[in-house]
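Data file: protein23.cif. Format and content: mmCIF, C-alpha atoms.
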```
data_query
#
loop_
_atom_site.label_atom_id
_atom_site.label_comp_id
_atom_site.auth_asym_id
_atom_site.auth_seq_id
_atom_site.Cartn_x
_atom_site.Cartn_y
_atom_site.Cartn_z
CA MET N 1 196.24 14.19 290.08
CA ARG N 2 196.80 13.23 286.46
CA THR N 3 194.52 10.86 284.58
CA PHE N 4 195.85 7.40 283.83
CA HIS N 5 194.94 4.72 281.30
CA CYS N 6 195.67 1.01 281.01
CA ASP N 7 198.40 0.48 278.41
CA HIS N 8 196.71 -2.80 277.39
CA CYS N 9 193.12 -1.71 276.78
CA GLN N 10 193.18 2.09 277.34
CA HIS N 11 190.58 1.82 280.08
CA GLN N 12 190.70 4.77 282.47
CA LEU N 13 192.38 4.08 285.80
CA PHE N 14 192.38 5.54 289.27
CA PHE N 15 195.64 6.33 291.05
CA GLU N 16 194.80 3.61 293.60
CA ASN N 17 194.16 0.74 291.12
CA PHE N 18 196.01 -2.56 291.58
CA ALA N 19 194.52 -4.12 288.44
CA CYS N 20 192.60 -2.92 285.41
CA VAL N 21 188.88 -3.58 285.95
CA SER N 22 188.43 -3.98 282.19
CA CYS N 23 191.19 -6.37 281.08
CA GLY N 24 192.57 -7.54 284.43
CA ALA N 25 196.15 -6.41 283.78
CA ARG N 26 198.38 -6.17 286.87
CA LEU N 27 199.18 -2.53 287.57
CA ALA N 28 201.61 -0.47 289.60
CA TYR N 29 202.46 3.19 289.92
CA LEU N 30 205.98 3.70 288.56
CA PRO N 31 207.39 6.77 290.33
CA ASP N 32 210.38 7.03 287.99
CA LEU N 33 207.97 7.49 285.07
CA LYS N 34 205.22 9.27 287.05
CA THR N 35 202.57 6.99 285.61
CA ILE N 36 200.66 3.77 286.19
CA GLY N 37 201.88 0.91 284.02
CA SER N 38 200.89 -2.71 283.54
CA LEU N 39 203.40 -5.32 284.66
CA ASP N 40 204.68 -8.57 283.16
CA GLU N 41 206.44 -11.12 285.35
CA ALA N 42 210.13 -11.49 284.57
CA GLY N 43 211.00 -14.07 287.23
CA ASP N 44 212.73 -13.87 290.61
CA GLY N 45 210.15 -11.39 291.86
CA THR N 46 210.94 -8.85 289.15
CA TRP N 47 208.63 -7.26 286.64
CA THR N 48 208.81 -5.36 283.38
CA SER N 49 206.37 -2.93 281.84
CA PRO N 50 205.38 -2.78 278.14
CA LEU N 51 205.41 1.02 278.28
CA PRO N 52 207.91 2.32 275.71
CA GLU N 53 209.54 4.59 278.29
CA ALA N 54 210.08 1.54 280.55
CA THR N 55 212.15 -0.30 277.95
CA GLY N 56 215.21 -1.84 279.58
CA LYS N 57 213.93 -1.24 283.11
CA ALA N 58 213.15 -3.89 285.70
CA TYR N 59 210.92 -3.36 288.71
CA ARG N 60 210.10 -4.89 292.08
CA LEU N 61 206.79 -4.51 293.85
CA CYS N 62 206.92 -2.52 297.07
CA ALA N 63 207.05 -4.97 299.98
CA ASN N 64 203.76 -3.55 301.25
CA TYR N 65 202.28 -4.37 297.84
CA ALA N 66 203.67 -7.90 297.61
CA GLU N 67 203.04 -8.88 301.24
CA HIS N 68 200.11 -6.79 302.51
CA ASP N 69 198.22 -5.33 299.51
CA VAL N 70 198.19 -1.88 301.09
CA CYS N 71 200.35 -0.27 298.38
CA ASN N 72 200.29 -0.25 294.58
CA TRP N 73 203.73 1.26 293.88
CA ALA N 74 206.79 -0.38 292.36
CA LEU N 75 210.46 0.53 292.47
CA LEU N 76 213.45 -0.13 290.26
CA THR N 77 215.35 -3.31 291.05
CA ASP N 78 218.59 -1.41 291.67
CA ASP N 79 216.95 0.27 294.68
CA GLU N 80 218.11 -1.68 297.73
CA ASN N 81 215.17 -0.55 299.88
CA PRO N 82 212.32 -3.12 299.87
CA LEU N 83 209.77 -0.33 300.29
CA CYS N 84 208.65 2.26 297.75
CA ARG N 85 209.35 5.95 298.12
CA SER N 86 206.10 6.50 300.01
CA CYS N 87 206.06 3.44 302.28
CA ARG N 88 209.66 3.90 303.42
CA LEU N 89 208.56 7.10 305.14
CA THR N 90 206.41 5.07 307.58
CA GLN N 91 208.24 4.09 310.77
CA VAL N 92 205.39 2.60 312.81
CA ILE N 93 202.27 0.78 311.62
CA PRO N 94 199.31 -0.34 313.74
CA ASP N 95 199.11 -3.82 315.25
CA LEU N 96 197.70 -5.82 312.33
CA SER N 97 196.46 -8.60 314.63
CA ARG N 98 193.76 -6.29 315.97
CA PRO N 99 190.41 -6.14 314.11
CA GLY N 100 190.08 -3.23 311.72
CA HIS N 101 193.71 -2.18 311.88
CA ARG N 102 194.68 -3.56 308.47
CA GLU N 103 191.79 -1.71 306.84
CA ALA N 104 192.75 1.48 308.67
CA TRP N 105 196.39 1.11 307.62
CA TYR N 106 195.32 0.69 303.99
CA LYS N 107 193.24 3.89 304.06
CA ILE N 108 196.06 5.81 305.72
CA GLU N 109 198.65 4.67 303.18
CA VAL N 110 196.30 5.58 300.31
CA ALA N 111 196.06 9.13 301.64
CA LYS N 112 199.83 9.32 302.22
CA ARG N 113 200.62 8.21 298.67
CA ARG N 114 198.43 11.00 297.30
CA LEU N 115 200.29 13.43 299.50
CA VAL N 116 203.71 12.16 298.40
CA TYR N 117 202.67 12.30 294.74
CA THR N 118 201.75 16.00 295.04
CA LEU N 119 204.87 16.88 297.03
CA LEU N 120 207.07 15.32 294.36
CA GLU N 121 205.12 17.07 291.59
CA LEU N 122 205.71 20.38 293.38
CA GLY N 123 209.44 19.68 293.46
CA LEU N 124 209.61 19.58 297.26
CA PRO N 125 212.25 17.50 299.07
CA VAL N 126 210.83 14.21 300.36
CA LYS N 127 213.50 12.28 302.25
CA SER N 128 213.06 9.63 304.91
CA LYS N 129 214.74 9.76 308.30
CA PRO N 130 217.29 7.05 307.35
CA GLU N 131 218.20 9.12 304.27
CA ASP N 132 218.45 12.37 306.23
CA PRO N 133 218.29 11.85 310.02
CA GLU N 134 218.33 15.59 310.71
CA LYS N 135 215.92 16.95 308.11
CA GLY N 136 214.03 13.89 306.87
CA VAL N 137 210.35 13.15 307.50
CA ALA N 138 208.77 10.07 309.07
CA PHE N 139 205.27 8.88 309.88
CA GLU N 140 203.90 6.71 312.66
CA PHE N 141 200.35 5.40 312.71
CA LEU N 142 199.14 4.69 316.25
CA ALA N 143 195.94 3.29 317.76
CA ASP N 144 194.23 4.23 321.00
CA PRO N 145 195.36 2.00 323.90
CA ASP N 146 193.06 -0.72 325.25
CA ASP N 147 192.99 1.02 328.63
CA PRO N 148 190.45 3.87 328.24
CA SER N 149 192.19 5.81 331.03
CA ALA N 150 195.56 5.77 329.25
CA PRO N 151 196.60 8.78 327.12
CA LYS N 152 195.53 8.55 323.48
CA PRO N 153 198.01 9.31 320.69
CA LEU N 154 197.42 12.72 319.17
CA THR N 155 197.72 13.50 315.49
CA GLY N 156 200.53 16.01 315.14
CA HIS N 157 204.08 16.87 314.10
CA ALA N 158 207.33 17.19 316.03
CA ASN N 159 210.82 17.53 314.52
CA GLY N 160 209.97 15.77 311.27
CA LEU N 161 207.90 12.98 312.88
CA ILE N 162 204.23 13.02 311.92
CA THR N 163 201.85 10.98 314.06
CA ILE N 164 198.40 9.97 312.81
CA ASN N 165 195.85 8.40 315.15
CA ILE N 166 194.33 5.60 313.07
CA ALA N 167 190.89 6.44 314.49
CA GLU N 168 190.88 9.14 311.79
CA ALA N 169 190.55 6.34 309.22
CA ASP N 170 187.14 5.44 310.64
CA ASP N 171 184.56 7.49 308.75
CA ALA N 172 182.02 7.56 311.60
CA GLU N 173 184.61 8.56 314.21
CA ARG N 174 186.07 11.24 311.95
CA GLU N 175 182.60 12.69 311.34
CA ARG N 176 181.93 12.71 315.09
CA ARG N 177 185.14 14.68 315.63
CA ARG N 178 184.31 17.03 312.76
CA LEU N 179 180.98 17.92 314.31
CA ALA N 180 182.53 18.34 317.75
CA MET N 181 185.18 20.68 316.33
CA HIS N 182 182.64 22.62 314.19
CA GLU N 183 184.71 21.99 311.05
CA PRO N 184 183.27 22.36 307.51
CA TYR N 185 184.99 19.12 306.56
CA ARG N 186 187.58 16.73 307.99
CA THR N 187 189.47 14.23 305.83
CA LEU N 188 192.34 11.81 306.28
CA LEU N 189 194.19 13.41 303.36
CA GLY N 190 193.60 16.82 304.93
CA HIS N 191 195.38 15.68 308.11
CA PHE N 192 198.41 14.68 306.07
CA ARG N 193 198.46 17.97 304.19
CA HIS N 194 198.19 19.96 307.43
CA GLU N 195 200.88 18.07 309.34
CA ILE N 196 203.33 18.08 306.44
CA GLY N 197 202.83 21.85 306.39
CA HIS N 198 204.35 22.01 309.88
CA TYR N 199 207.28 19.94 308.62
CA TYR N 200 207.92 22.28 305.70
CA TRP N 201 207.69 25.32 307.97
CA ASP N 202 210.66 23.91 309.87
CA LEU N 203 212.44 23.09 306.62
CA LEU N 204 211.69 26.15 304.47
CA ILE N 205 210.79 29.05 306.79
CA ASP N 206 212.53 28.66 310.15
CA GLY N 207 215.87 30.46 310.04
CA SER N 208 215.43 31.38 306.37
CA PRO N 209 215.35 34.83 304.70
CA ARG N 210 211.55 34.43 304.48
CA LEU N 211 211.06 34.32 308.26
CA ASP N 212 210.61 38.08 308.69
CA ASP N 213 208.07 38.19 305.86
CA PHE N 214 206.31 35.21 307.42
CA ARG N 215 205.92 37.09 310.70
CA VAL N 216 204.46 40.09 308.90
CA MET N 217 201.97 37.89 307.06
CA PHE N 218 201.07 35.21 309.64
CA GLY N 219 202.20 36.65 312.98
CA ASP N 220 205.07 35.98 315.38
CA GLU N 221 205.45 32.24 315.91
CA ARG N 222 207.44 32.89 319.09
CA ALA N 223 204.14 33.44 320.93
CA ASP N 224 203.63 30.65 323.48
CA TYR N 225 202.07 27.79 321.51
CA ALA N 226 200.45 25.91 324.41
CA GLN N 227 198.86 29.08 325.78
CA ALA N 228 197.61 30.03 322.33
CA LEU N 229 195.89 26.66 321.86
CA GLU N 230 194.37 26.77 325.34
CA ARG N 231 193.01 30.24 324.66
CA HIS N 232 191.62 29.10 321.30
CA TYR N 233 189.77 26.14 322.80
CA GLN N 234 188.42 28.19 325.69
CA GLN N 235 187.47 31.39 323.85
CA GLY N 236 187.11 30.30 320.24
CA PRO N 237 188.32 32.22 317.19
CA PRO N 238 188.15 36.02 316.85
CA ALA N 239 184.94 37.36 315.36
CA ASP N 240 186.67 38.50 312.18
CA TRP N 241 188.44 35.19 311.49
CA PRO N 242 186.69 34.61 308.10
CA GLN N 243 188.42 37.73 306.72
CA ARG N 244 191.86 36.74 308.00
CA PHE N 245 192.13 32.94 308.16
CA VAL N 246 191.20 29.95 306.00
CA SER N 247 189.72 28.18 309.04
CA GLU N 248 188.83 28.81 312.67
CA TYR N 249 191.75 26.66 313.80
CA ALA N 250 194.18 28.74 311.72
CA SER N 251 193.52 31.64 314.09
CA ALA N 252 194.95 29.75 317.07
CA HIS N 253 198.66 30.43 316.38
CA PRO N 254 200.88 31.49 313.43
CA TRP N 255 202.15 27.91 313.07
CA GLU N 256 198.58 26.64 312.68
CA ASP N 257 197.75 29.48 310.30
CA TRP N 258 200.68 28.41 308.12
CA ALA N 259 199.79 24.69 308.27
CA GLU N 260 196.12 25.33 307.45
CA THR N 261 197.05 27.68 304.59
CA TRP N 262 199.63 25.19 303.29
CA ALA N 263 197.04 22.38 303.35
CA HIS N 264 194.54 24.61 301.56
CA TYR N 265 197.06 25.46 298.84
CA VAL N 266 197.94 21.79 298.25
CA HIS N 267 194.22 20.99 298.16
CA MET N 268 193.75 23.61 295.43
CA VAL N 269 196.73 22.45 293.38
CA ASP N 270 195.71 18.79 293.46
CA THR N 271 192.11 19.55 292.48
CA LEU N 272 193.14 21.89 289.68
CA GLU N 273 195.59 19.36 288.28
CA THR N 274 192.81 16.77 288.16
CA ALA N 275 190.42 19.16 286.42
CA THR N 276 193.07 20.19 283.91
CA SER N 277 194.12 16.62 283.20
CA CYS N 278 190.49 15.63 282.60
CA GLY N 279 190.05 18.52 280.15
CA LEU N 280 187.34 20.16 282.23
CA ALA N 281 186.14 23.45 280.77
CA LEU N 282 183.28 25.90 281.26
CA ARG N 283 181.59 27.50 278.27
CA PRO N 284 179.69 30.48 279.67
CA ARG N 285 176.81 32.09 277.85
CA ARG N 286 177.41 35.45 279.50
CA ALA N 287 180.56 37.46 280.04
CA ASP N 288 180.00 37.62 283.81
CA GLU N 289 179.85 33.83 284.22
CA PRO N 290 182.92 31.86 285.34
CA THR N 291 185.37 30.37 282.89
CA LEU N 292 188.01 27.73 283.35
CA GLU N 293 190.93 27.72 280.93
CA THR N 294 192.51 24.31 280.65
CA ASP N 295 195.78 23.25 279.11
CA PRO N 296 196.58 19.52 279.44
CA GLN N 297 200.27 20.32 278.88
CA ARG N 298 200.42 22.90 281.64
CA GLY N 299 200.13 20.52 284.57
CA LEU N 300 200.45 22.39 287.83
CA PRO N 301 199.72 26.15 287.72
CA ALA N 302 202.73 28.07 286.44
CA THR N 303 201.75 31.26 288.23
CA PHE N 304 199.72 32.08 291.30
CA GLU N 305 197.50 34.38 289.24
CA ARG N 306 196.63 31.48 286.91
CA LEU N 307 195.87 29.26 289.91
CA ILE N 308 193.45 31.77 291.44
CA GLU N 309 191.80 32.59 288.10
CA ASP N 310 191.10 28.91 287.50
CA TRP N 311 190.19 28.06 291.09
CA PHE N 312 187.06 30.16 291.55
CA PRO N 313 185.20 28.81 288.51
CA LEU N 314 186.20 25.28 289.46
CA THR N 315 184.67 25.71 292.93
CA TYR N 316 181.47 26.86 291.24
CA VAL N 317 181.37 23.55 289.37
CA LEU N 318 182.24 21.51 292.47
CA ASN N 319 179.56 23.10 294.62
CA ASN N 320 176.85 22.97 291.97
CA LEU N 321 177.58 19.28 291.28
CA ASN N 322 177.35 18.49 294.98
CA ARG N 323 174.13 20.47 295.39
CA GLY N 324 172.66 18.53 292.46
CA LEU N 325 173.46 15.31 294.34
CA GLY N 326 171.94 16.65 297.55
CA LEU N 327 175.36 16.85 299.23
CA PRO N 328 177.04 19.70 301.12
CA ASP N 329 179.25 22.03 299.10
CA GLY N 330 182.48 20.39 297.99
CA TYR N 331 184.27 23.67 298.71
CA PRO N 332 182.59 25.43 301.66
CA PHE N 333 184.94 28.41 301.74
CA VAL N 334 185.06 32.03 300.58
CA LEU N 335 188.59 33.34 300.22
CA SER N 336 189.28 36.88 301.37
CA GLU N 337 192.07 39.09 300.05
CA GLN N 338 194.15 38.43 303.17
CA GLN N 339 193.72 34.68 302.80
CA ILE N 340 194.72 34.88 299.14
CA ALA N 341 197.84 36.85 300.12
CA LYS N 342 198.81 34.05 302.52
CA LEU N 343 198.22 31.43 299.83
CA ARG N 344 200.47 33.45 297.54
CA PHE N 345 203.18 33.36 300.22
CA VAL N 346 202.96 29.55 300.30
CA HIS N 347 203.08 29.42 296.50
CA GLU N 348 206.17 31.64 296.36
CA THR N 349 207.87 29.59 299.08
CA ILE N 350 207.38 26.39 297.10
CA ALA N 351 208.39 28.09 293.84
CA GLY N 352 211.60 29.20 295.55
CA VAL N 353 212.45 25.56 296.29
CA ALA N 354 212.02 24.67 292.61
CA VAL N 355 214.27 27.55 291.52
CA ALA N 356 216.93 26.60 294.07
CA ALA N 357 216.90 23.03 292.73
CA LEU N 358 217.76 24.12 289.19
CA PRO N 359 221.31 23.28 288.05
CA GLN N 360 223.63 26.17 288.76
CA PRO N 361 226.27 27.23 286.20
CA PRO N 362 229.93 26.63 287.12
CA PRO N 363 231.62 29.61 288.84
CA GLU N 364 233.83 30.27 285.83
CA LEU N 365 230.76 30.69 283.60
CA GLU N 366 229.18 33.10 286.09
CA THR N 367 232.44 35.15 286.11
CA ALA N 368 232.55 35.19 282.31
CA ALA N 369 228.91 36.27 282.10
CA ALA N 370 229.52 39.05 284.58
CA ALA N 371 232.53 40.25 282.59
CA ALA N 372 230.56 40.20 279.34
CA SER N 373 227.81 42.33 280.86
#
```
structure tokens encoding of this file:
Amino acid sequence: MRTFHCDHCQHQLFFENFACVSCGARLAYLPDLKTIGSLDEAGDGTWTSPLPEATGKAYRLCANYAEHDVCNWALLTDDENPLCRSCRLTQVIPDLSRPGHREAWYKIEVAKRRLVYTLLELGLPVKSKPEDPEKGVAFEFLADPDDPSAPKPLTGHANGLITINIAEADDAERERRRLAMHEPYRTLLGHFRHEIGHYYWDLLIDGSPRLDDFRVMFGDERADYAQALERHYQQGPPADWPQRFVSEYASAHPWEDWAETWAHYVHMVDTLETATSCGLALRPRRADEPTLETDPQRGLPATFERLIEDWFPLTYVLNNLNRGLGLPDGYPFVLSEQQIAKLRFVHETIAGVAVAALPQPPPELETAAAAAS
């Protein structure tokens, strides 16, 4: 996540801010400019921003901002959709007449917006089901039924539809589940990163030239999924899972290995972008102490090697800060060579999407270049 500042008073802002806590300016995230800008009313429900790069542009607040205060994004007035690029991905919201559901919905949308921000920064396709019924992505946020004997909605992914049980927005309930599952941590944002990993497996790996390499690295996904999960929950992970997988759950099936590795990679990228944007640096006194090279212009890591070189010293800072506060380690993992190889595979898959999205030269220019060579 980048750092943001109020364009009125230069006070530092969080990505989730609706208003500047220093000067009170109305704020919105402007996806077309990839920044948070203050807003001035222009009449008829439209707004302008004093940012120089917003000159001549008019905005509308996302309907979930204007009506429900669960979003802080805006969209250009020529966009016919009343919802912002993140909120339009949501197909089902919880029943807001029930106590606690509005608060849960707000927390869920906050996590989803962070996810969407990172996906767009990585250059990944993010299309809603109405935009692309076959390959688009959608979210539904469901609550447990009143009848305790009725089936509860499970967080998961199927054919581009990601379901989140809103109980995960309750901190106490999520912690109870974390302890029951013996997980080092469990977060709402982590659920989004994991489930979107399943979606991108379908989109980027299944049926692609990378599928054979995937099977070499992660295993054969054609193994019966239901049987694999049942075996995992009955027998637990293999004894050597820390050398091969980023989590116990990743050992259950190649699809889960991919989704857990994908989520871990996105976690690393987001954290490194924040550290870089804040200008975080380590100045070691000895050559064997960790260093963190920062370049505010670099943004996301250009190479996997740079990402890994910066990641380990950053985890040292994270864990030492948490220990100083009497908290558990912020990064309770040790990456093995095999895990790093899988993370590299995710990195190269995403990088391939960015390369494919580059403008291609006209065929006549390609023919001329071939002739010249």
Separation of atom CA of Ala226 of chain N from atom CA of Glu256 of chain N in Å: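 Those two atoms sit 11.9 Å apart.
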Sphere at (178.1, 22.3, 291.4), radius 12 Å, counting all atoms listed in the file: residues as a PyMOL selection string: chain N and resi 282+312-332
Residues selected by the PyMOL selection byres ((chain N and resi 120) around 12), written as a PyMOL selection string: chain N and resi 1+31-32+34+85-86+113-119+121-127+266+270+300+350+353-354
Residue members of the PyMOL selection byres ((chain N and resi 159-175) around 10) in the file shown, as a ChimeraX atom specification: /N:89-94,100-101,103-108,111,128-129,133-144,152-158,176-181,183,185-189,191-192,195-196,198-200,202-203
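Distance annotation: of N:Val216, N:Ala281, N:Ala228, N:Leu76, the residue with the minimal separation from Phe345 of chain N is N:Val216; atom set is all atoms listed in the file.
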Which of N:Trp241, N:Trp47, N:Tyr59, N:Phe4 sits closest to Thr35 of chain N [using only C-alpha atoms]: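 Residue with the minimum atom-to-atom distance to Thr35 of chain N: N:Phe4.
Taking all atoms listed in the file, the non-local environment of Tyr29 of chain N within 8 Å (same-chain residues fewer than 2 positions away omitted) comprises N:Phe15, N:Leu27, N:Pro31, N:Lys34, N:Thr35, N:Ile36, N:Gly37, N:Asn72, N:Trp73, N:Ala74.
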Gap from atom CA of Tyr265 of chain N to atom CA of His194 of chain N - Å, one decimal: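 Answer for the atom CA of Tyr265 of chain N to atom CA of His194 of chain N separation: 10.3 Å.
As for atom CA of Val70 of chain N and atom CA of Val110 of chain N, they are spaced 7.7 Å apart.
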Got a sec to resolve the PyMOL selection byres ((chain N and resi 40) around 9) on this structure and send the residues as a short mmCIF file (atom, residue, chain, number, x, y, z; two decimals) with C-alpha atoms, in the coordinates of the input?
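See result.cif below for the written result:
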```cif
data_model
loop_
_atom_site.label_atom_id
_atom_site.label_comp_id
_atom_site.auth_asym_id
_atom_site.auth_seq_id
_atom_site.Cartn_x
_atom_site.Cartn_y
_atom_site.Cartn_z
CA ALA N 25 196.15 -6.41 283.78
CA ARG N 26 198.38 -6.17 286.87
CA SER N 38 200.89 -2.71 283.54
CA LEU N 39 203.40 -5.32 284.66
CA GLU N 41 206.44 -11.12 285.35
CA ALA N 42 210.13 -11.49 284.57
CA THR N 46 210.94 -8.85 289.15
CA TRP N 47 208.63 -7.26 286.64
CA THR N 48 208.81 -5.36 283.38
CA SER N 49 206.37 -2.93 281.84
CA PRO N 50 205.38 -2.78 278.14
#
```
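Among N:Lys112, N:Arg215, N:His232, N:His253, the residue with the shortest atom-to-atom distance to Gly190 of chain N, counting only C-alpha atoms, is N:Lys112.
Nearest residue to Val269 of chain N, choosing from N:Ala150, N:His347, N:Gln235, N:Leu335 and counting all atoms listed in the file: N:His347.
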